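So this one's query-v1.tsv, TSV, C-alpha atoms:
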chain	number	residue	atom	x	y	z
F	1	MET	CA	-14.60	-53.08	-85.46
F	2	GLN	CA	-15.54	-50.82	-82.65
F	3	LEU	CA	-13.67	-51.71	-79.55
F	4	PRO	CA	-15.28	-51.95	-76.11
F	5	SER	CA	-15.33	-50.09	-73.74
F	6	SER	CA	-17.52	-32.57	-64.84
F	7	LEU	CA	-14.71	-31.59	-63.85
F	8	VAL	CA	-15.85	-28.20	-65.06
F	9	SER	CA	-12.61	-26.81	-66.32
F	10	SER	CA	-11.46	-24.59	-69.12
F	11	CYS	CA	-8.08	-24.26	-70.70
F	12	SER	CA	-6.62	-23.00	-73.95
F	13	ILE	CA	-4.11	-25.22	-75.67
F	14	SER	CA	-1.59	-24.36	-78.33
F	15	ILE	CA	-1.03	-27.12	-80.83
F	16	PHE	CA	2.73	-26.69	-80.63
F	17	ALA	CA	2.68	-27.25	-76.88
F	18	LEU	CA	0.83	-30.52	-77.29
F	19	ASN	CA	2.02	-32.20	-80.45
F	20	ARG	CA	4.31	-31.12	-83.20
F	21	PRO	CA	2.42	-31.27	-86.50
F	22	PRO	CA	3.44	-34.56	-88.13
F	23	ARG	CA	4.98	-34.63	-91.54
F	24	VAL	CA	2.61	-34.84	-94.45
F	25	PHE	CA	3.16	-37.60	-96.98
F	26	PRO	CA	1.44	-36.68	-100.24
F	27	LEU	CA	1.14	-39.70	-102.47
F	28	PRO	CA	1.11	-39.91	-106.27
F	29	ARG	CA	-2.25	-39.39	-107.93
F	30	THR	CA	-2.05	-42.72	-109.77
F	31	PRO	CA	-0.04	-45.29	-107.81
F	32	LYS	CA	1.56	-48.22	-109.56
F	33	THR	CA	-0.93	-50.64	-108.08
F	34	PRO	CA	-4.32	-49.02	-107.35
F	35	ASN	CA	-6.96	-51.06	-105.57
F	36	MET	CA	-9.20	-52.36	-108.34
F	37	ALA	CA	-12.84	-53.14	-107.66
F	38	VAL	CA	-14.45	-56.56	-107.61
F	39	ILE	CA	-17.89	-55.87	-109.10
F	40	GLN	CA	-21.15	-57.54	-108.09
F	41	THR	CA	-24.59	-56.65	-109.43
F	42	GLN	CA	-27.86	-57.78	-107.86
F	43	ASN	CA	-31.41	-56.46	-108.22
F	44	ASN	CA	-31.03	-52.67	-108.51
F	45	LEU	CA	-27.74	-52.63	-106.60
F	46	GLN	CA	-24.16	-52.53	-107.79
F	47	ILE	CA	-21.40	-53.39	-105.29
F	48	HIS	CA	-17.73	-52.59	-105.80
F	49	ARG	CA	-15.33	-54.23	-103.34
F	50	PHE	CA	-11.77	-52.98	-102.88
F	51	PRO	CA	-9.42	-55.38	-101.03
F	52	LEU	CA	-6.87	-53.59	-98.87
F	53	SER	CA	-3.72	-54.64	-97.04
F	54	LYS	CA	-4.74	-52.80	-93.86
F	55	TYR	CA	-7.61	-52.91	-91.38
F	56	VAL	CA	-10.20	-50.14	-91.75
F	57	ASP	CA	-10.93	-48.57	-88.37
F	58	ALA	CA	-13.28	-45.89	-89.76
F	59	LEU	CA	-14.31	-44.26	-93.03
F	60	ARG	CA	-16.25	-41.28	-94.37
F	61	TRP	CA	-17.00	-39.66	-97.70
F	62	LEU	CA	-14.98	-36.47	-98.14
F	63	PRO	CA	-16.87	-33.60	-99.81
F	64	THR	CA	-15.68	-32.66	-103.29
F	65	GLN	CA	-15.64	-29.37	-105.17
F	66	SER	CA	-16.30	-30.98	-108.53
F	67	ALA	CA	-19.04	-33.32	-109.70
F	68	PHE	CA	-16.37	-35.40	-111.43
F	69	ASP	CA	-14.39	-36.16	-108.24
F	70	LYS	CA	-15.06	-38.66	-105.47
F	71	PHE	CA	-12.86	-38.78	-102.37
F	72	VAL	CA	-12.90	-41.29	-99.53
F	73	LEU	CA	-11.42	-40.69	-96.08
F	74	LEU	CA	-10.02	-43.82	-94.43
F	75	SER	CA	-8.54	-44.50	-91.02
F	76	LEU	CA	-6.26	-47.51	-91.45
F	77	PHE	CA	-4.28	-49.80	-89.17
F	78	ASP	CA	-1.31	-51.85	-90.40
F	79	SER	CA	-1.01	-54.92	-88.18
F	80	ASP	CA	2.42	-55.79	-89.60
F	81	SER	CA	3.99	-52.52	-88.45
F	82	SER	CA	1.42	-51.71	-85.71
F	83	SER	CA	1.02	-48.26	-87.26
F	84	SER	CA	-2.06	-46.14	-87.94
F	85	SER	CA	-2.76	-43.48	-90.53
F	86	ILE	CA	-5.45	-41.21	-91.93
F	87	GLU	CA	-5.59	-41.40	-95.72
F	88	ILE	CA	-7.52	-39.73	-98.53
F	89	HIS	CA	-8.26	-41.96	-101.52
F	90	SER	CA	-9.59	-40.98	-104.91
F	91	LEU	CA	-12.35	-43.10	-106.44
F	92	SER	CA	-12.08	-43.11	-110.19
F	93	SER	CA	-13.03	-45.22	-113.20
F	94	ASP	CA	-10.32	-47.04	-115.09
F	95	SER	CA	-10.62	-45.87	-118.70
F	96	ASN	CA	-8.09	-48.47	-119.79
F	97	ASN	CA	-10.18	-51.35	-118.49
F	98	ASP	CA	-12.78	-53.31	-120.44
F	99	SER	CA	-16.40	-52.37	-120.96
F	100	ASN	CA	-17.17	-52.94	-117.29
F	101	ASN	CA	-15.27	-49.72	-116.56
F	102	SER	CA	-14.14	-51.03	-113.19
F	103	PRO	CA	-13.38	-48.24	-110.70
F	104	SER	CA	-10.17	-48.02	-108.70
F	105	LEU	CA	-9.36	-46.61	-105.25
F	106	SER	CA	-6.06	-44.72	-105.24
F	107	PRO	CA	-4.35	-43.06	-102.22
F	108	ILE	CA	-3.47	-39.40	-102.76
F	109	SER	CA	-2.60	-38.10	-99.27
F	110	SER	CA	-1.69	-39.59	-95.89
F	111	ILE	CA	-0.87	-38.48	-92.36
F	112	PRO	CA	0.35	-40.78	-89.56
F	113	SER	CA	-1.48	-41.27	-86.27
F	114	SER	CA	0.09	-42.24	-82.98
F	115	SER	CA	-2.86	-44.48	-82.05
F	116	ARG	CA	-5.77	-46.31	-83.61
F	117	THR	CA	-8.87	-44.31	-84.46
F	118	SER	CA	-11.97	-44.67	-82.31
F	119	SER	CA	-14.21	-42.16	-84.14
F	120	LEU	CA	-14.02	-40.17	-87.39
F	121	ARG	CA	-16.13	-37.19	-88.50
F	122	VAL	CA	-16.24	-34.73	-91.41
F	123	PHE	CA	-17.97	-31.35	-91.39
F	124	GLN	CA	-18.53	-29.14	-94.43
F	125	SER	CA	-19.83	-25.59	-94.58
F	126	LEU	CA	-19.80	-23.04	-97.38
F	127	HIS	CA	-16.38	-21.81	-96.33
F	128	LYS	CA	-14.46	-24.80	-95.00
F	129	THR	CA	-14.16	-28.55	-94.61
F	130	LEU	CA	-12.94	-29.98	-91.31
F	131	ILE	CA	-11.90	-33.52	-90.37
F	132	ALA	CA	-11.87	-34.69	-86.75
F	133	PHE	CA	-10.74	-38.04	-85.38
F	134	SER	CA	-10.25	-39.41	-81.89
F	135	THR	CA	-8.04	-42.24	-80.70
F	136	PHE	CA	-7.98	-45.04	-78.16
F	137	SER	CA	-5.13	-43.25	-76.39
F	138	GLY	CA	-7.50	-40.38	-75.53
F	139	SER	CA	-6.45	-37.73	-78.06
F	140	LEU	CA	-8.47	-35.57	-80.45
F	141	HIS	CA	-7.13	-34.31	-83.78
F	142	ILE	CA	-8.49	-31.71	-86.21
F	143	LEU	CA	-7.32	-31.79	-89.84
F	144	PHE	CA	-7.73	-29.20	-92.57
F	145	PRO	CA	-7.92	-30.71	-96.06
F	146	VAL	CA	-6.52	-28.47	-98.80
F	147	TYR	CA	-8.11	-28.83	-102.24
F	148	SER	CA	-5.68	-28.32	-105.09
F	149	GLY	CA	-7.06	-29.13	-108.52
F	150	ASP	CA	-7.97	-32.81	-108.55
F	151	ASP	CA	-6.04	-33.53	-105.34
F	152	VAL	CA	-6.68	-33.09	-101.64
F	153	LEU	CA	-3.80	-32.76	-99.17
F	154	LEU	CA	-3.73	-33.01	-95.38
F	155	GLU	CA	-1.44	-30.18	-94.31
F	156	THR	CA	-2.32	-28.95	-90.81
F	157	GLN	CA	-3.19	-30.82	-87.64
F	158	LEU	CA	-4.35	-29.53	-84.27
F	159	SER	CA	-4.33	-31.88	-81.29
F	160	VAL	CA	-5.57	-32.15	-77.73
F	161	GLN	CA	-4.36	-34.79	-75.30
F	162	ASP	CA	-3.87	-34.71	-71.56
F	163	ARG	CA	-5.22	-36.62	-68.59
F	164	SER	CA	-7.67	-33.86	-67.63
F	165	PHE	CA	-9.21	-34.12	-71.12
F	166	HIS	CA	-9.88	-37.87	-71.26
F	167	ASN	CA	-8.34	-40.59	-69.13
F	168	GLY	CA	-8.41	-43.49	-71.57
F	169	PRO	CA	-10.10	-44.10	-74.90
F	170	ILE	CA	-12.45	-41.54	-76.45
F	171	SER	CA	-15.53	-43.52	-77.46
F	172	CYS	CA	-17.11	-41.10	-79.89
F	173	ILE	CA	-16.96	-37.54	-81.23
F	174	ASP	CA	-19.17	-35.32	-83.36
F	175	LEU	CA	-18.25	-32.15	-85.20
F	176	LEU	CA	-20.40	-29.09	-85.90
F	177	GLU	CA	-18.92	-25.83	-87.22
F	178	SER	CA	-16.04	-25.03	-84.84
F	179	GLU	CA	-17.31	-27.19	-81.97
F	180	CYS	CA	-16.53	-30.85	-81.28
F	181	VAL	CA	-18.19	-32.92	-78.55
F	182	THR	CA	-16.18	-35.83	-77.15
F	183	VAL	CA	-17.33	-38.63	-74.83
F	184	GLY	CA	-15.46	-41.52	-73.25
F	185	GLU	CA	-15.62	-44.62	-71.13
F	186	ASP	CA	-14.11	-42.50	-68.34
F	187	GLY	CA	-17.50	-40.83	-67.98
F	188	ARG	CA	-16.38	-37.44	-69.26
F	189	VAL	CA	-18.24	-35.21	-71.70
F	190	ASN	CA	-16.10	-32.42	-73.18
F	191	LEU	CA	-16.59	-29.62	-75.69
F	192	VAL	CA	-13.62	-28.59	-77.84
F	193	HIS	CA	-13.63	-25.20	-79.57
F	194	LEU	CA	-11.58	-24.25	-82.63
F	195	GLY	CA	-10.59	-20.59	-82.34
F	196	ASN	CA	-10.22	-18.13	-85.19
F	197	SER	CA	-6.49	-17.87	-84.60
F	198	GLY	CA	-5.97	-21.62	-84.96
F	199	GLU	CA	-5.91	-22.84	-81.37
F	200	LEU	CA	-8.00	-25.48	-79.62
F	201	SER	CA	-9.58	-24.96	-76.22
F	202	TYR	CA	-11.80	-27.32	-74.29
F	203	ARG	CA	-14.06	-27.32	-71.29
F	204	GLY	CA	-15.58	-30.10	-69.28
F	205	VAL	CA	-19.37	-30.38	-69.53
F	206	PHE	CA	-19.78	-33.32	-67.17
F	207	ASP	CA	-17.69	-35.91	-65.35
F	208	SER	CA	-19.32	-38.97	-63.81
F	209	ASN	CA	-15.97	-40.06	-62.34
F	210	GLY	CA	-16.30	-43.39	-64.10
F	211	LEU	CA	-19.76	-44.21	-62.77
F	212	VAL	CA	-21.27	-43.81	-66.24
F	213	ALA	CA	-19.57	-44.67	-69.53
F	214	TYR	CA	-20.58	-42.80	-72.66
F	215	THR	CA	-20.31	-44.61	-75.99
F	216	ALA	CA	-21.98	-42.36	-78.59
F	217	ALA	CA	-22.63	-38.67	-79.28
F	218	ARG	CA	-24.40	-36.49	-81.86
F	219	TRP	CA	-25.12	-32.79	-82.28
F	220	ALA	CA	-28.78	-31.79	-82.52
F	221	SER	CA	-28.26	-28.03	-82.86
F	222	PRO	CA	-25.44	-25.53	-82.19
F	223	LYS	CA	-26.48	-25.53	-78.51
F	224	GLU	CA	-27.74	-29.11	-78.03
F	225	PHE	CA	-26.32	-32.60	-78.38
F	226	VAL	CA	-27.20	-36.18	-77.40
F	227	THR	CA	-25.06	-38.86	-75.77
F	228	GLY	CA	-25.70	-42.57	-75.27
F	229	GLY	CA	-24.38	-45.40	-73.17
F	230	LEU	CA	-25.16	-48.48	-71.09
F	231	GLY	CA	-28.75	-49.66	-70.67
F	232	PHE	CA	-29.79	-48.11	-74.00
F	233	SER	CA	-29.77	-44.78	-72.16
F	234	LEU	CA	-29.75	-41.42	-73.94
F	235	GLN	CA	-29.01	-37.98	-72.52
F	236	TRP	CA	-30.03	-34.66	-74.08
F	237	TRP	CA	-27.63	-31.83	-73.23
F	238	ASP	CA	-28.40	-28.12	-73.55
F	239	GLN	CA	-25.46	-25.74	-73.13
F	240	ARG	CA	-27.89	-23.10	-71.87
F	241	LYS	CA	-28.64	-25.43	-68.91
F	242	PRO	CA	-25.17	-26.50	-67.70
F	243	GLY	CA	-24.27	-29.05	-65.05
F	244	GLU	CA	-26.42	-32.02	-66.03
F	245	PRO	CA	-28.49	-33.39	-68.92
F	246	ALA	CA	-31.59	-31.36	-69.71
F	247	LEU	CA	-33.47	-34.59	-70.47
F	248	GLN	CA	-32.74	-38.29	-69.97
F	249	PHE	CA	-34.18	-41.38	-71.59
F	250	LYS	CA	-33.87	-44.72	-69.81
F	251	GLY	CA	-36.94	-46.58	-71.03
F	252	ASN	CA	-38.64	-49.61	-69.55
F	253	TRP	CA	-36.59	-52.31	-71.23
F	254	PRO	CA	-37.02	-56.08	-70.68
F	255	GLN	CA	-34.55	-57.55	-68.23
F	256	LYS	CA	-32.50	-59.36	-70.85
F	257	THR	CA	-31.94	-56.17	-72.87
F	258	ALA	CA	-31.55	-53.77	-69.94
F	259	HIS	CA	-27.75	-53.95	-70.20
F	260	GLY	CA	-27.59	-53.12	-73.90
F	261	ILE	CA	-25.15	-50.49	-75.18
F	262	VAL	CA	-25.85	-47.66	-77.62
F	263	HIS	CA	-23.17	-47.74	-80.36
F	264	SER	CA	-24.47	-45.10	-82.75
F	265	ILE	CA	-26.77	-42.05	-82.75
F	266	ASP	CA	-28.20	-39.98	-85.58
F	267	ILE	CA	-30.45	-36.91	-85.65
F	268	HIS	CA	-32.15	-35.66	-88.78
F	269	PRO	CA	-31.55	-31.91	-89.31
F	270	SER	CA	-35.23	-31.27	-90.04
F	271	ARG	CA	-36.52	-33.31	-87.05
F	272	LYS	CA	-34.22	-32.71	-84.13
F	273	HIS	CA	-36.96	-33.80	-81.71
F	274	THR	CA	-36.41	-37.44	-82.79
F	275	CYS	CA	-33.15	-39.16	-81.88
F	276	LEU	CA	-32.23	-42.43	-83.61
F	277	ALA	CA	-30.05	-44.99	-81.80
F	278	GLY	CA	-28.58	-48.41	-82.62
F	279	GLY	CA	-26.84	-50.85	-80.30
F	280	SER	CA	-26.65	-54.35	-78.84
F	281	SER	CA	-28.74	-57.36	-79.92
F	282	GLY	CA	-29.86	-55.81	-83.19
F	283	THR	CA	-31.67	-53.04	-81.33
F	284	ILE	CA	-32.61	-49.86	-83.21
F	285	PHE	CA	-35.00	-47.39	-81.63
F	286	ALA	CA	-35.99	-43.74	-81.75
F	287	TRP	CA	-36.50	-41.35	-78.86
F	288	ASP	CA	-39.14	-38.73	-79.57
F	289	LEU	CA	-38.83	-35.85	-77.13
F	290	ARG	CA	-42.57	-35.29	-77.33
F	291	TRP	CA	-43.11	-38.76	-75.73
F	292	GLN	CA	-39.96	-38.96	-73.67
F	293	GLN	CA	-40.17	-42.40	-72.06
F	294	GLN	CA	-41.79	-44.34	-74.91
F	295	PRO	CA	-39.19	-45.58	-77.44
F	296	ILE	CA	-40.20	-46.23	-81.03
F	297	ILE	CA	-38.83	-49.72	-81.67
F	298	LEU	CA	-37.60	-50.35	-85.21
F	299	SER	CA	-35.57	-53.52	-84.63
F	300	GLY	CA	-34.39	-55.73	-81.81
F	301	VAL	CA	-34.45	-59.14	-80.23
F	302	GLY	CA	-37.05	-59.29	-77.46
F	303	VAL	CA	-37.28	-55.53	-76.94
F	304	GLY	CA	-40.94	-54.90	-77.72
F	305	GLU	CA	-44.27	-56.16	-76.49
F	306	SER	CA	-45.24	-57.31	-80.01
F	307	PRO	CA	-42.96	-59.36	-82.27
F	308	ILE	CA	-40.66	-57.22	-84.43
F	309	TYR	CA	-38.73	-58.65	-87.33
F	310	SER	CA	-35.08	-57.82	-86.80
F	311	PRO	CA	-32.56	-57.97	-89.67
F	312	SER	CA	-29.76	-58.63	-87.17
F	313	GLU	CA	-29.34	-60.32	-83.80
F	314	SER	CA	-25.86	-58.93	-83.09
F	315	ASP	CA	-24.43	-55.47	-82.46
F	316	VAL	CA	-25.64	-52.68	-84.70
F	317	TRP	CA	-22.50	-50.62	-85.23
F	318	GLU	CA	-23.93	-47.68	-87.14
F	319	VAL	CA	-27.29	-46.12	-87.97
F	320	GLN	CA	-28.06	-43.17	-90.25
F	321	TYR	CA	-31.23	-41.66	-91.58
F	322	ASP	CA	-31.43	-42.79	-95.19
F	323	CYS	CA	-32.03	-39.70	-97.31
F	324	TYR	CA	-32.05	-41.79	-100.49
F	325	MET	CA	-35.10	-43.74	-99.32
F	326	GLN	CA	-36.60	-40.54	-97.96
F	327	SER	CA	-36.29	-38.73	-101.30
F	328	SER	CA	-37.72	-41.66	-103.25
F	329	ASN	CA	-40.76	-41.91	-100.93
F	330	MET	CA	-41.18	-38.23	-100.07
F	331	SER	CA	-44.85	-38.13	-101.05
F	332	ASN	CA	-45.67	-40.91	-98.56
F	333	ILE	CA	-43.84	-39.50	-95.52
F	334	SER	CA	-45.77	-37.36	-93.07
F	335	SER	CA	-44.27	-35.20	-90.35
F	336	SER	CA	-45.32	-37.73	-87.69
F	337	ARG	CA	-43.86	-40.79	-89.38
F	338	MET	CA	-40.34	-42.11	-88.76
F	339	LEU	CA	-37.98	-41.48	-91.65
F	340	PRO	CA	-36.23	-44.49	-93.29
F	341	VAL	CA	-33.06	-45.77	-91.62
F	342	LEU	CA	-29.91	-47.50	-92.89
F	343	MET	CA	-27.99	-49.82	-90.54
F	344	CYS	CA	-24.98	-52.16	-90.48
F	345	SER	CA	-24.16	-54.94	-88.03
F	346	GLU	CA	-21.58	-57.32	-86.62
F	347	ASP	CA	-23.15	-60.26	-88.45
F	348	GLY	CA	-22.61	-58.60	-91.84
F	349	ILE	CA	-26.04	-57.11	-92.52
F	350	LEU	CA	-26.65	-53.85	-94.38
F	351	ALA	CA	-30.37	-53.08	-94.39
F	352	THR	CA	-32.96	-50.33	-94.58
F	353	LEU	CA	-35.81	-50.06	-92.08
F	354	GLU	CA	-39.06	-48.16	-91.88
F	355	HIS	CA	-41.37	-48.13	-88.88
F	356	GLY	CA	-44.22	-50.61	-89.30
F	357	LEU	CA	-42.65	-52.29	-92.35
F	358	GLU	CA	-40.40	-55.30	-92.75
F	359	PRO	CA	-36.70	-54.42	-93.17
F	360	VAL	CA	-35.16	-54.58	-96.64
F	361	GLU	CA	-31.87	-56.48	-96.56
F	362	LEU	CA	-29.44	-54.93	-99.04
F	363	LEU	CA	-26.44	-57.13	-98.27
F	364	ALA	CA	-25.53	-60.13	-96.14
F	365	GLU	CA	-21.75	-60.41	-95.88
F	366	PRO	CA	-19.79	-63.36	-94.38
F	367	CYS	CA	-18.00	-60.93	-92.03
F	368	ALA	CA	-18.84	-57.87	-89.97
F	369	ILE	CA	-19.74	-54.55	-91.58
F	370	ASN	CA	-18.12	-52.22	-89.07
F	371	ASN	CA	-19.27	-48.81	-90.31
F	372	PHE	CA	-20.71	-47.02	-93.31
F	373	ASP	CA	-21.40	-43.56	-94.64
F	374	ILE	CA	-24.01	-42.21	-97.05
F	375	ASN	CA	-22.65	-39.77	-99.62
F	376	LYS	CA	-24.29	-36.42	-98.79
F	377	GLN	CA	-23.65	-35.24	-102.37
F	378	ASN	CA	-25.19	-38.36	-103.92
F	379	TYR	CA	-27.48	-40.32	-101.58
F	380	SER	CA	-27.47	-43.38	-103.84
F	381	ASN	CA	-23.83	-44.11	-102.93
F	382	VAL	CA	-22.97	-45.87	-99.65
F	383	ILE	CA	-19.43	-46.74	-98.61
F	384	PHE	CA	-18.79	-49.34	-95.90
F	385	SER	CA	-15.91	-51.26	-94.36
F	386	LEU	CA	-15.63	-55.01	-94.02
F	387	GLU	CA	-13.92	-56.90	-91.22
F	388	TRP	CA	-11.77	-58.73	-93.77
F	389	GLU	CA	-9.62	-55.68	-94.67
F	390	ALA	CA	-11.76	-54.33	-97.47
F	391	VAL	CA	-13.84	-51.31	-98.44
F	392	ALA	CA	-16.99	-51.61	-100.52
F	393	ILE	CA	-19.22	-49.10	-102.28
F	394	LEU	CA	-22.88	-49.83	-102.90
F	395	THR	CA	-24.72	-47.89	-105.62
F	396	ARG	CA	-28.50	-47.92	-105.59
F	397	GLN	CA	-30.21	-47.47	-108.95

As structure tokens, the full file:
Amino acid sequence: MQLPSSLVSSCSISIFALNRPPRVFPLPRTPKTPNMAVIQTQNNLQIHRFPLSKYVDALRWLPTQSAFDKFVLLSLFDSDSSSSSIEIHSLSSDSNNDSNNSPSLSPISSIPSSSRTSSLRVFQSLHKTLIAFSTFSGSLHILFPVYSGDDVLLETQLSVQDRSFHNGPISCIDLLESECVTVGEDGRVNLVHLGNSGELSYRGVFDSNGLVAYTAARWASPKEFVTGGLGFSLQWWDQRKPGEPALQFKGNWPQKTAHGIVHSIDIHPSRKHTCLAGGSSGTIFAWDLRWQQQPIILSGVGVGESPIYSPSESDVWEVQYDCYMQSSNMSNISSSRMLPVLMCSEDGILATLEHGLEPVELLAEPCAINNFDINKQNYSNVIFSLEWEAVAILTRQ
């Protein structure tokens, strides 16, 4: 579950001066007791649930180099030992099982973390894959996965943590190439740069001195990114125009939703002028820069002038443009129409939405769905975490 909630400076930080790289604990490819799936099939969906012994703070698909491999990146918290870790798990079918061919989730690599994870991101280019995660103690960590045959190891870690970076929890991060944007409840917006020689440096973009808390962030281009916070506000930042946001969206929200919080932001790479946001009270909206103060309401309780059917009345923890729905309906989508959206919520809803249409509820769980990720190498696969210490994978057919 997501937890609640500029000094313009520049400094270069050596990883050895900040944190010694922690020991790497590679795990056997096939553990004695892999997590076996509990399979459920409904309509054109197949759901595999994997019970775990730890709480899932965050998860992401990890890109693979082979069509036969599937890797999952998990940030886990063990309440018994009060310890956190970042783990890579392999998703594979059990050939020794019956005709159902039930898949299993097996850990293959792990690295400890000094604090619980607040945000987790993966970036892949033609030449490299990077992992970034932030913590509630205010630190940022960059990991370099090493692919070796059918395994992936976590071998190198770079870290940034000091009081001039963030004073308290980092709410959200986003990673693009060698740049990482970080935002926090302390009102700071920072940019972290990964140098060619393996060092991290950061500079402050903005510091509200605690007057504004930022809760979400997303890159729009190599020079532009978006942040979100209280009051369903969004800020568009352009590094070519330093000192303050280039654009701001506040909207004319009803009184009872004016104090809503943005929890998640997404921007489609082909339509950077439209920013998607999800937050409190089941609210999901889009900010089109061409009509800056008029939100496009997709979901929400009492947020629009006309009634809108909302799949959830609680916090929307994550939103992503749904490329699977987009590809299946490509002939019907014009450049002016909102692309399909996938969302998850505190009241256990996983649903797809399209502007002007009723939402399609994919799942209704008895506990919160805290986050999810669409597999960029196979859009039909969605992985998500459940409040009750479990991971599930949904396959759309």

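Distance annotation: of F:Val146, F:Leu194, F:Met325, F:Met338, the residue with the minimal separation from Ser159 in chain F is F:Leu194; atom set is all atoms listed in the file.
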
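Comparing F:Ser221, F:Gln248, F:Ser79, F:Ser312 by their smallest distance to Ile267 in chain F, the closest is F:Ser221 (using all atoms listed in the file).
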
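Atom pair CA of Glu358 in chain F / CA of Pro340 in chain F has a distance of 11.6 Å (rounded to one decimal).
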
So that I can check the surroundings of Phe165 in chain F, please list as a PyMOL selection string every protein, DNA and RNA residue that reaches within 8 Å of it, counting only C-alpha atoms and ignoring chain neighbours fewer than 5 positions away. chain F and resi 138+160+190+202+204

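Between Leu130 in chain F and the candidates F:Glu87, F:Glu177, F:Asp207, F:Glu155, the tightest atom-to-atom separation, counting all atoms listed in the file, involves F:Glu177.
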
Assuming the input is short of atoms at range 209-214 of chain F, produce all heavy atoms for that part as a PDB file, in the coordinates of the input.
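What follows is the written file result-v5.pdb:
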ATOM      1  N   ASN F 209     -17.028 -39.391 -63.107  1.00  0.00           N
ATOM      2  CA  ASN F 209     -15.970 -40.060 -62.340  1.00  0.00           C
ATOM      3  C   ASN F 209     -15.992 -41.576 -62.550  1.00  0.00           C
ATOM      4  O   ASN F 209     -15.733 -42.350 -61.627  1.00  0.00           O
ATOM      5  CB  ASN F 209     -16.088 -39.730 -60.856  1.00  0.00           C
ATOM      6  CG  ASN F 209     -15.834 -38.257 -60.574  1.00  0.00           C
ATOM      7  OD1 ASN F 209     -14.855 -37.695 -61.053  1.00  0.00           O
ATOM      8  ND2 ASN F 209     -16.727 -37.634 -59.826  1.00  0.00           N
ATOM      9  N   GLY F 210     -16.323 -41.985 -63.758  1.00  0.00           N
ATOM     10  CA  GLY F 210     -16.300 -43.390 -64.100  1.00  0.00           C
ATOM     11  C   GLY F 210     -17.548 -44.164 -63.753  1.00  0.00           C
ATOM     12  O   GLY F 210     -17.639 -45.356 -64.045  1.00  0.00           O
ATOM     13  N   LEU F 211     -18.530 -43.508 -63.136  1.00  0.00           N
ATOM     14  CA  LEU F 211     -19.760 -44.210 -62.770  1.00  0.00           C
ATOM     15  C   LEU F 211     -20.637 -44.476 -63.987  1.00  0.00           C
ATOM     16  O   LEU F 211     -21.437 -45.415 -63.989  1.00  0.00           O
ATOM     17  CB  LEU F 211     -20.541 -43.397 -61.729  1.00  0.00           C
ATOM     18  CG  LEU F 211     -19.835 -43.179 -60.389  1.00  0.00           C
ATOM     19  CD1 LEU F 211     -20.692 -42.316 -59.476  1.00  0.00           C
ATOM     20  CD2 LEU F 211     -19.528 -44.515 -59.723  1.00  0.00           C
ATOM     21  N   VAL F 212     -20.517 -43.651 -65.000  1.00  0.00           N
ATOM     22  CA  VAL F 212     -21.270 -43.810 -66.240  1.00  0.00           C
ATOM     23  C   VAL F 212     -20.287 -43.754 -67.400  1.00  0.00           C
ATOM     24  O   VAL F 212     -19.413 -42.878 -67.422  1.00  0.00           O
ATOM     25  CB  VAL F 212     -22.334 -42.695 -66.408  1.00  0.00           C
ATOM     26  CG1 VAL F 212     -23.046 -42.826 -67.750  1.00  0.00           C
ATOM     27  CG2 VAL F 212     -23.336 -42.730 -65.274  1.00  0.00           C
ATOM     28  N   ALA F 213     -20.409 -44.681 -68.323  1.00  0.00           N
ATOM     29  CA  ALA F 213     -19.570 -44.670 -69.530  1.00  0.00           C
ATOM     30  C   ALA F 213     -20.407 -44.229 -70.714  1.00  0.00           C
ATOM     31  O   ALA F 213     -21.513 -44.723 -70.922  1.00  0.00           O
ATOM     32  CB  ALA F 213     -18.992 -46.065 -69.782  1.00  0.00           C
ATOM     33  N   TYR F 214     -19.879 -43.283 -71.469  1.00  0.00           N
ATOM     34  CA  TYR F 214     -20.580 -42.800 -72.660  1.00  0.00           C
ATOM     35  C   TYR F 214     -19.946 -43.416 -73.904  1.00  0.00           C
ATOM     36  O   TYR F 214     -18.718 -43.499 -74.025  1.00  0.00           O
ATOM     37  CB  TYR F 214     -20.497 -41.274 -72.730  1.00  0.00           C
ATOM     38  CG  TYR F 214     -21.182 -40.593 -71.568  1.00  0.00           C
ATOM     39  CD1 TYR F 214     -20.440 -40.050 -70.522  1.00  0.00           C
ATOM     40  CD2 TYR F 214     -22.571 -40.503 -71.516  1.00  0.00           C
ATOM     41  CE1 TYR F 214     -21.068 -39.433 -69.441  1.00  0.00           C
ATOM     42  CE2 TYR F 214     -23.208 -39.889 -70.440  1.00  0.00           C
ATOM     43  CZ  TYR F 214     -22.448 -39.359 -69.409  1.00  0.00           C
ATOM     44  OH  TYR F 214     -23.077 -38.756 -68.344  1.00  0.00           O
TER      45      TYR F 214
END
